[in-house]
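A quick write-up on the structure given underneath.
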Amino acid sequence: MTDNSGSTNENGDEDIPFMQRLLDNPLLLLVIGVASPMLLYTIWGVVEVALIPLAN
Amino acid sequence: MALTSPEKRIWWNEPLSKIELTWIVIAFLWGLTMFGTMVYWHFTGEQNLSNEAYRIRPEVFAERTEAQAEKYKVREEGDTGIPVVKPPAGSDVYMLARRYEFWPILELEKDKQYRLHLSSMDVQHGFSLQPTNINLQIHPGYEMVLTVKPNKTGEYSVVCNEYCGVAHHAMVGRIYVVDSKK
Amino acid sequence: MAKDFKFRTCPETGLKVHSQADALIKANAVVAVVFLAIGGLFGLLVALTRWPAVHMLDAELFYLALTAHGADVLVFWIIFFEVAVLYFASAILLNARIVLPKIAWLGFILMLVGALMANVAVLQGESSVMFTSYVPMKAAPHFYLGLILFAVGALLAVGIFFGTILTAKKEKTYEGSLPLVTFGALTAAIIAVYTILSGAIILVPTFLWSLDLIPHIDSLTYKLIWWGFGHSSQQINVATHVSIWYATAALLLGAKPLSEKVSRGAFLLYILFLQLASAHHLLVEPGVSSSWKIFNTSYALYLAVLGSLIHGLSVPGAIEAAQRKRGFNKGVFEWLRKAPWGNPAFSSMFLSLVLFGFLGGISGVTMGNEQINLIIHNTIYVPGHFHATVVAGTTLAFMGITYLVVPLIFQREIVMKGLARWQPYLFGLGAAGISLFMMGAGTIGIARRHWDITFSDAPLTVDVPGTAFMMMGLNGVFAIMATIGGAIYVVVVVASILFGAKRDEAACKANPVVTAGGGEAVASYGAEEEHPNLSGTIVLVTLLFVTFVLYYYVNWKFLSEVWPLS
């Protein structure tokens with residue numbers, strides 16, 4: 001298929017850059033894609049709502 | 001092709017073309033500019049929503065609103081005799097939202113500051129001040145406190161713009177802004 | 001192993017197609033179109049009621065129709081279609097089998113039952129709570145249950161997608177990285193997981209509350225988590241329709257991404273940050289801090305907008321490069337003039353790209369500013385914006401790809417080609433008109449979700465500017481146009497599936513829908529041509545950028561004139 005690769009697939013993927021390995025890893029992307037908004041939007045937001053003080 | 005795997009096994013190291021790089025830099029800087037504009041407006045702009053809010057039971061908020069109405073009522077209006085309330089400039093003013101009215105009518109003075117307290121008695125309502133076009137969300141159980149400074153005299157409508165029930169479209173309130181000399 | 005499964009080979013693309021993938025795509029796409037037809041009809045009723053001179057439905061029916069319209073097109077139509085896209089992008093593009101097809105069918109049935117249940121609840125009249133169903137307004141329990149079943153079914157479908165791409169990797173049905181279109185679908189699937197989780201977290205307790213098993217649901221917390229579901233579901237659309245843009249450009253013109261790195265990097269920005277825009281709905285709520293609002297509403301310093309702007313360059317750029325490669329190289333715009341504008345698959349795709357960028361994108365980012373939202377929140381500007389994104393953007397893109405799915409998956413010829421040719425223009429123009437006039441009316445303060453802007457039942461009068469009446473009338477006119485375009489789409493698609501000539505191998509050769517040899521002829525550029533001429537695309541993105549900046553600051557000017565607040 002291609003002759004541009006530095007090594008064949010059988011030789012392992014060590015030469016593949018980190019970012020490409022990240023983008024080729026669906027489950028890792030899933031974890032960070034769910035964790036990011038859960039943390040930044042949902043949890044941060046719910047904590048702010050929970051901390052609204054009582055009127056005196 | 002976009003429908004097949006990349007031809008090169010390692011595609012991450014391919015160089016960016018000048019056009020792409022330029023566009024990415026411009027788009028990124030524009031993003032920072034927009035972000036910066038929001039932050040900047042907090043320091044220099046005159047229209048920022050306060051973060052001041054409290055949890056409050058609807059009955060308590062209603063009591064405070066009624067007490068204010070009793071103290072500062074100047075007249076009544078409409079078929080249902082809605083009180084028009086004119087609290088002193090600079091003071092705390094209360095307006096409640098409930099199906100299907102904003103109560104009471106307020107009369108404020110131009111260029112004076114007021115601490116406006118808003119809350120709902122039942123479901124969520126929208127506070128849409130027209131024609132100046134300021135829109136806030138009102139929740140039951142929460143009291144929003146914001147400082148307003150009316151900058152033009154006239155008759156303003158408060159339109160409910162959050163669906164609140166079958167007569168939602170009849171839910172209207174009013175705020176008068178008058179010259180302070182009167 | 002894979003051998004045990006039934007496959008056919010697509011005569012046009014050479015892809016191996018798993019029979020279960022075929023059947024699942026057909027079922028989900030057909031049901032999607034049915035919900036589009038139902039939801040679209042409700043939409044027409046809504047627009048005709050908001051046209052002051054027509055004012056068609058009474059108040060109760062109006063709020064009922066508006067709730068049904070939102071649920072049917074904003075959720076059911078698009079998610080069913082997206083499930084079809086997920087199966088297409090996984091099993092078919094990867095030459096793979098669908099894993100656990102029985103679970104996939106279970107997902108389909110749950111989604112269908114859920115969608116029907118929610119519709120029944122709305123039509124019974126006790127659940128006119130709008131698509132957002134803000135507590136403490138209460139709907140019938142089976143309204144929430146329907147949404148929950150639908151979400152569980154969708155989650156199963158997303159799980160099958162993940163299972164399919166992982167199994168394909170293990171069974172080596174493809175080599176190297178996922179195709180870009182599949183990667184875009186993966187982005188959509190990831191956003192879908194967060195979307196459905198948010199929906200479950202808030203709708204399950206709300207369902208129990210509607211049964212009086214839980215005493216109280218906090219309205220602010222509900223709204224915050226609900227929008228993680230409600231807004232993110234629309235971000236699934238963005239990822240999906242961008243993938244469809246790439247797919248259509250590749251299928252019709254053999255367009256190849258300018259840079260895999262850049263396009264995938266842009267999708268990564270979506271995965272990380274796009275969902276934060278759920279905050280757009282909470283910018284004028286009490287008690288949520290400005291830090292939270294600014295950070296989230298800006299998708300973390302506008303990094304997801306950066307992603308969209310990148311696609312905004314690379315999609316037309318890929319088309320321009322491919323067209324120039326095939327010889328349309330004169331001047332700045334010959335590549336665009338000579339594009340297949342008579343092919344509804346292409347015209348839909350390109351109109352979707354332009355309308356989404358210029359109308360939907362710019363308005364969305366502008367009104368999503370913390371302070372500018374003060375002059376826009378809950379006005380009819382908001383539906384104006386999302387009709388540009390979801391109708392002119394997503395729906396039009398989905399319509400376009402259907403003109404390829406019918407011949408390739410249903411293996412039927414498109415019938416009534418003359419009508420089909422005009423369909424995207426009618427629908428696109430209609431959708432653009434709806435968006436613009438609603439945005440216009442919103443700018444002068446007209447409320448969304450409102451039955452009567454004359455306020456004839458109200459105890460106090462309201463002065464509504466005459467231009468608002470004119471704009472709501474024009475909105476109605478363009479809604480009729482969009483409805484005609486939508487109806488033509490439904491009729492053409494259904495008639496093609498039922499009565500279209502079967503496409504056997506000979507028919508595919510005689511009348512290919514995938515550009516003849518296009519893939520191979522153009523796919524090879526890149527290496528030998530490091531810097532394709534993109535002058536037309538540069539003009540387009542410059543125009544977009546200038547419009548964006550001007551419109552953005554015009555709205556700050558509007559804001560600066562309202563009452564000072566602090």
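Lettering and numbering for the structure tokens are positional, with chains as A, B, ... in the shown order, residues counted from 1 in each chain, and ligands counted from 1 in the shown order.
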Could you give me, as JSON lines, a per-residue list for range 77-154 of chain B showing, wherever an atom lies at most 10 Å from an atom of range 39-61 of chain B, the closest pair of atoms and their distance in Å to one decimal, using only C-alpha atoms and sorting by chain then residue number from low to high?
```
{"residue": "B:Tyr94", "atom": "CA", "partner": "B:Phe61", "partner_atom": "CA", "distance": 8.4}
{"residue": "B:Met95", "atom": "CA", "partner": "B:Phe61", "partner_atom": "CA", "distance": 9.1}
{"residue": "B:Leu96", "atom": "CA", "partner": "B:Phe61", "partner_atom": "CA", "distance": 7.8}
{"residue": "B:His117", "atom": "CA", "partner": "B:Phe61", "partner_atom": "CA", "distance": 9.1}
{"residue": "B:Leu118", "atom": "CA", "partner": "B:Phe61", "partner_atom": "CA", "distance": 8.8}
{"residue": "B:Ser119", "atom": "CA", "partner": "B:Phe61", "partner_atom": "CA", "distance": 7.2}
{"residue": "B:Ser120", "atom": "CA", "partner": "B:Pro58", "partner_atom": "CA", "distance": 6.9}
{"residue": "B:Met121", "atom": "CA", "partner": "B:Pro58", "partner_atom": "CA", "distance": 5.1}
{"residue": "B:Asp122", "atom": "CA", "partner": "B:Pro58", "partner_atom": "CA", "distance": 7.9}
{"residue": "B:Ile134", "atom": "CA", "partner": "B:Gln47", "partner_atom": "CA", "distance": 9.8}
{"residue": "B:Leu136", "atom": "CA", "partner": "B:Leu49", "partner_atom": "CA", "distance": 9.1}
{"residue": "B:His139", "atom": "CA", "partner": "B:Arg55", "partner_atom": "CA", "distance": 10.0}
{"residue": "B:Pro140", "atom": "CA", "partner": "B:Pro58", "partner_atom": "CA", "distance": 6.8}
{"residue": "B:Gly141", "atom": "CA", "partner": "B:Ile56", "partner_atom": "CA", "distance": 5.1}
{"residue": "B:Tyr142", "atom": "CA", "partner": "B:Arg55", "partner_atom": "CA", "distance": 4.6}
{"residue": "B:Glu143", "atom": "CA", "partner": "B:Tyr54", "partner_atom": "CA", "distance": 5.1}
{"residue": "B:Met144", "atom": "CA", "partner": "B:Ala53", "partner_atom": "CA", "distance": 4.6}
{"residue": "B:Val145", "atom": "CA", "partner": "B:Glu52", "partner_atom": "CA", "distance": 5.5}
{"residue": "B:Leu146", "atom": "CA", "partner": "B:Ser50", "partner_atom": "CA", "distance": 5.4}
{"residue": "B:Thr147", "atom": "CA", "partner": "B:Ser50", "partner_atom": "CA", "distance": 7.5}
{"residue": "B:Val148", "atom": "CA", "partner": "B:Gln47", "partner_atom": "CA", "distance": 9.1}
{"residue": "B:Lys149", "atom": "CA", "partner": "B:Glu46", "partner_atom": "CA", "distance": 9.7}
```
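Here is the contact set of chain C against chain A, at 6 Å and counting only C-alpha atoms: Ser177, Ile190, Tyr194, Ile271, Leu272 and Leu276 of chain C.
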Just the selected residues (N, CA and C atoms), exported as a CSV table (one decimal), in the first residue's frame, please.
```
chain,number,residue,atom,x,y,z
C,177,SER,N,-4.1,4.1,10.3
C,177,SER,CA,-5.0,4.9,11.0
C,177,SER,C,-6.4,4.8,10.4
C,190,ILE,N,-17.9,10.0,20.6
C,190,ILE,CA,-17.4,10.4,21.9
C,190,ILE,C,-18.3,11.5,22.5
C,194,TYR,N,-20.8,11.5,26.2
C,194,TYR,CA,-21.0,12.5,27.2
C,194,TYR,C,-22.4,13.0,27.2
C,271,ILE,N,-13.3,17.1,20.4
C,271,ILE,CA,-13.4,16.0,21.4
C,271,ILE,C,-13.1,16.7,22.8
C,272,LEU,N,-12.1,17.5,22.9
C,272,LEU,CA,-11.8,18.1,24.2
C,272,LEU,C,-12.7,19.2,24.6
C,276,LEU,N,-18.2,22.0,26.0
C,276,LEU,CA,-18.3,23.0,27.0
C,276,LEU,C,-19.3,24.1,26.6
```
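The smallest atom-to-atom distance between Glu101 in chain B and any of C:Ala420, C:Trp292, C:Ala458, C:Leu208, using only C-alpha atoms, is found for C:Ala458.
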Exercise for review: Can you check which residues of range 11-154 of chain B DSSP gives as helix (DSSP H, G or I) on the backbone and send them as number ranges by chain?
Suggested key: B: 18-44, 58-72
Exercise for review: Pick out the residues sitting within 9 Å of His377 in chain C, and hand them over as a list of chain:residue names; count only C-alpha atoms, and ignore anything fewer than 4 positions along from it in its own chain.
Suggested key: B:Gly126, B:Ser128, B:Ile134, B:Asn135, B:Leu136, B:Gln137, B:Asn161, C:His281, C:Leu283, C:Val284, C:Met367, C:Ile372, C:Asn373, C:Tyr381, C:Val382
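Note that CA of Trp23 in chain B and CA of Thr182 in chain C are 24.9 Å apart.
You can rank C:Ala115, C:Thr443, C:Glu334, C:Thr49 by their closest distance to Gly384 in chain C using only C-alpha atoms, and at the top of that list sits C:Thr443.
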Exercise for review: Extract, using only C-alpha atoms, all DNA, RNA and protein residues at most 12 Å from range 531-542 of chain C, discarding same-chain residues fewer than 4 positions from it, and format them as a ChimeraX atom specification.
Suggested key: /B:15-20,22-24,26-27 /C:256-259,308-325,328-337,353-354,357-358,525-527,546-549
**Study point:** Using only C-alpha atoms: which of B:Gly154, B:Gly31, B:Pro104, B:Pro83 has the shortest distance to chain C
**Key:** B:Gly31
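Separating CA of Tyr552 in chain C from CA of Val477 in chain C is a distance of 28.1 Å.
Those residues that approach Ala239 in chain C to within 8 Å, counting only C-alpha atoms, are Gly184, Ala185, Thr187, Ala188, Gln235, Ile236, Asn237, His241, Val242, Ser243, Phe267 and Tyr270 of chain C; same-chain residues fewer than 2 positions away are not listed.
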Can you write out the residues you just picked, keeping C-alpha atoms, as an mmCIF file, in the first residue's frame?
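Dumped everything to part_38.cif:
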```
data_model
loop_
_atom_site.group_PDB
_atom_site.id
_atom_site.type_symbol
_atom_site.label_atom_id
_atom_site.label_comp_id
_atom_site.auth_asym_id
_atom_site.auth_seq_id
_atom_site.Cartn_x
_atom_site.Cartn_y
_atom_site.Cartn_z
ATOM 1 C CA GLY C 184 -14.885 12.354 12.507
ATOM 2 C CA ALA C 185 -17.593 9.813 13.293
ATOM 3 C CA THR C 187 -15.513 12.325 17.435
ATOM 4 C CA ALA C 188 -19.290 12.373 17.156
ATOM 5 C CA GLN C 235 -22.412 19.107 18.923
ATOM 6 C CA ILE C 236 -22.743 15.489 17.795
ATOM 7 C CA ASN C 237 -24.316 17.039 14.716
ATOM 8 C CA HIS C 241 -21.922 16.897 9.379
ATOM 9 C CA VAL C 242 -18.288 17.958 9.112
ATOM 10 C CA SER C 243 -17.457 14.278 8.502
ATOM 11 C CA PHE C 267 -11.477 17.003 15.462
ATOM 12 C CA TYR C 270 -13.891 19.114 19.247
#
```
Point to revise | Contacts of Arg8 in chain C at 9 Å (only C-alpha atoms; same-chain gap of 4+ positions) as a ChimeraX atom specification | key: /C:15-19
Just write the chosen residues, N, CA, C and O atoms, as a short mmCIF file (atom, residue, chain, number, x, y, z; two decimals), in the first residue's frame.
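Saved result, part_22.cif, follows:
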```cif
data_model
loop_
_atom_site.label_atom_id
_atom_site.label_comp_id
_atom_site.auth_asym_id
_atom_site.auth_seq_id
_atom_site.Cartn_x
_atom_site.Cartn_y
_atom_site.Cartn_z
N LEU C 15 -15.78 -1.55 -1.79
CA LEU C 15 -15.83 -1.84 -0.36
C LEU C 15 -16.68 -3.08 -0.09
O LEU C 15 -17.65 -3.35 -0.79
N LYS C 16 -16.28 -3.83 0.93
CA LYS C 16 -17.07 -4.98 1.34
C LYS C 16 -18.16 -4.53 2.30
O LYS C 16 -17.90 -3.82 3.27
N VAL C 17 -19.36 -4.92 2.02
CA VAL C 17 -20.47 -4.43 2.83
C VAL C 17 -21.14 -5.58 3.57
O VAL C 17 -21.66 -6.52 2.96
N HIS C 18 -21.10 -5.52 4.88
CA HIS C 18 -21.71 -6.53 5.73
C HIS C 18 -23.23 -6.39 5.64
O HIS C 18 -23.77 -5.29 5.75
N SER C 19 -23.92 -7.51 5.43
CA SER C 19 -25.37 -7.43 5.22
C SER C 19 -26.07 -6.80 6.43
O SER C 19 -27.05 -6.07 6.27
#
```
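The smallest atom-to-atom distance between Leu28 in chain A and any of C:Trp105, C:Phe162, C:Phe150, C:Phe5, using only C-alpha atoms, is found for C:Phe162.
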Practice item. Find the residue from B:Ala170, B:Leu21, B:Val84, B:Leu116 that sits nearest to chain C; use only C-alpha atoms when measuring. Key: B:Ala170
Check your understanding: Got a sec: who's within 12 Å of Glu76 in chain B, counting only C-alpha atoms, leaving out chain neighbours fewer than 6 positions off, as a list in words?
Key -> Ala69, Glu70, Ile82, Pro83, Val84, Val85, Lys86, Trp103, Pro104, Ile105, Leu106 and Glu107 of chain B
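CA of Thr173 in chain C is found 19.6 Å from CA of Ile409 in chain C.
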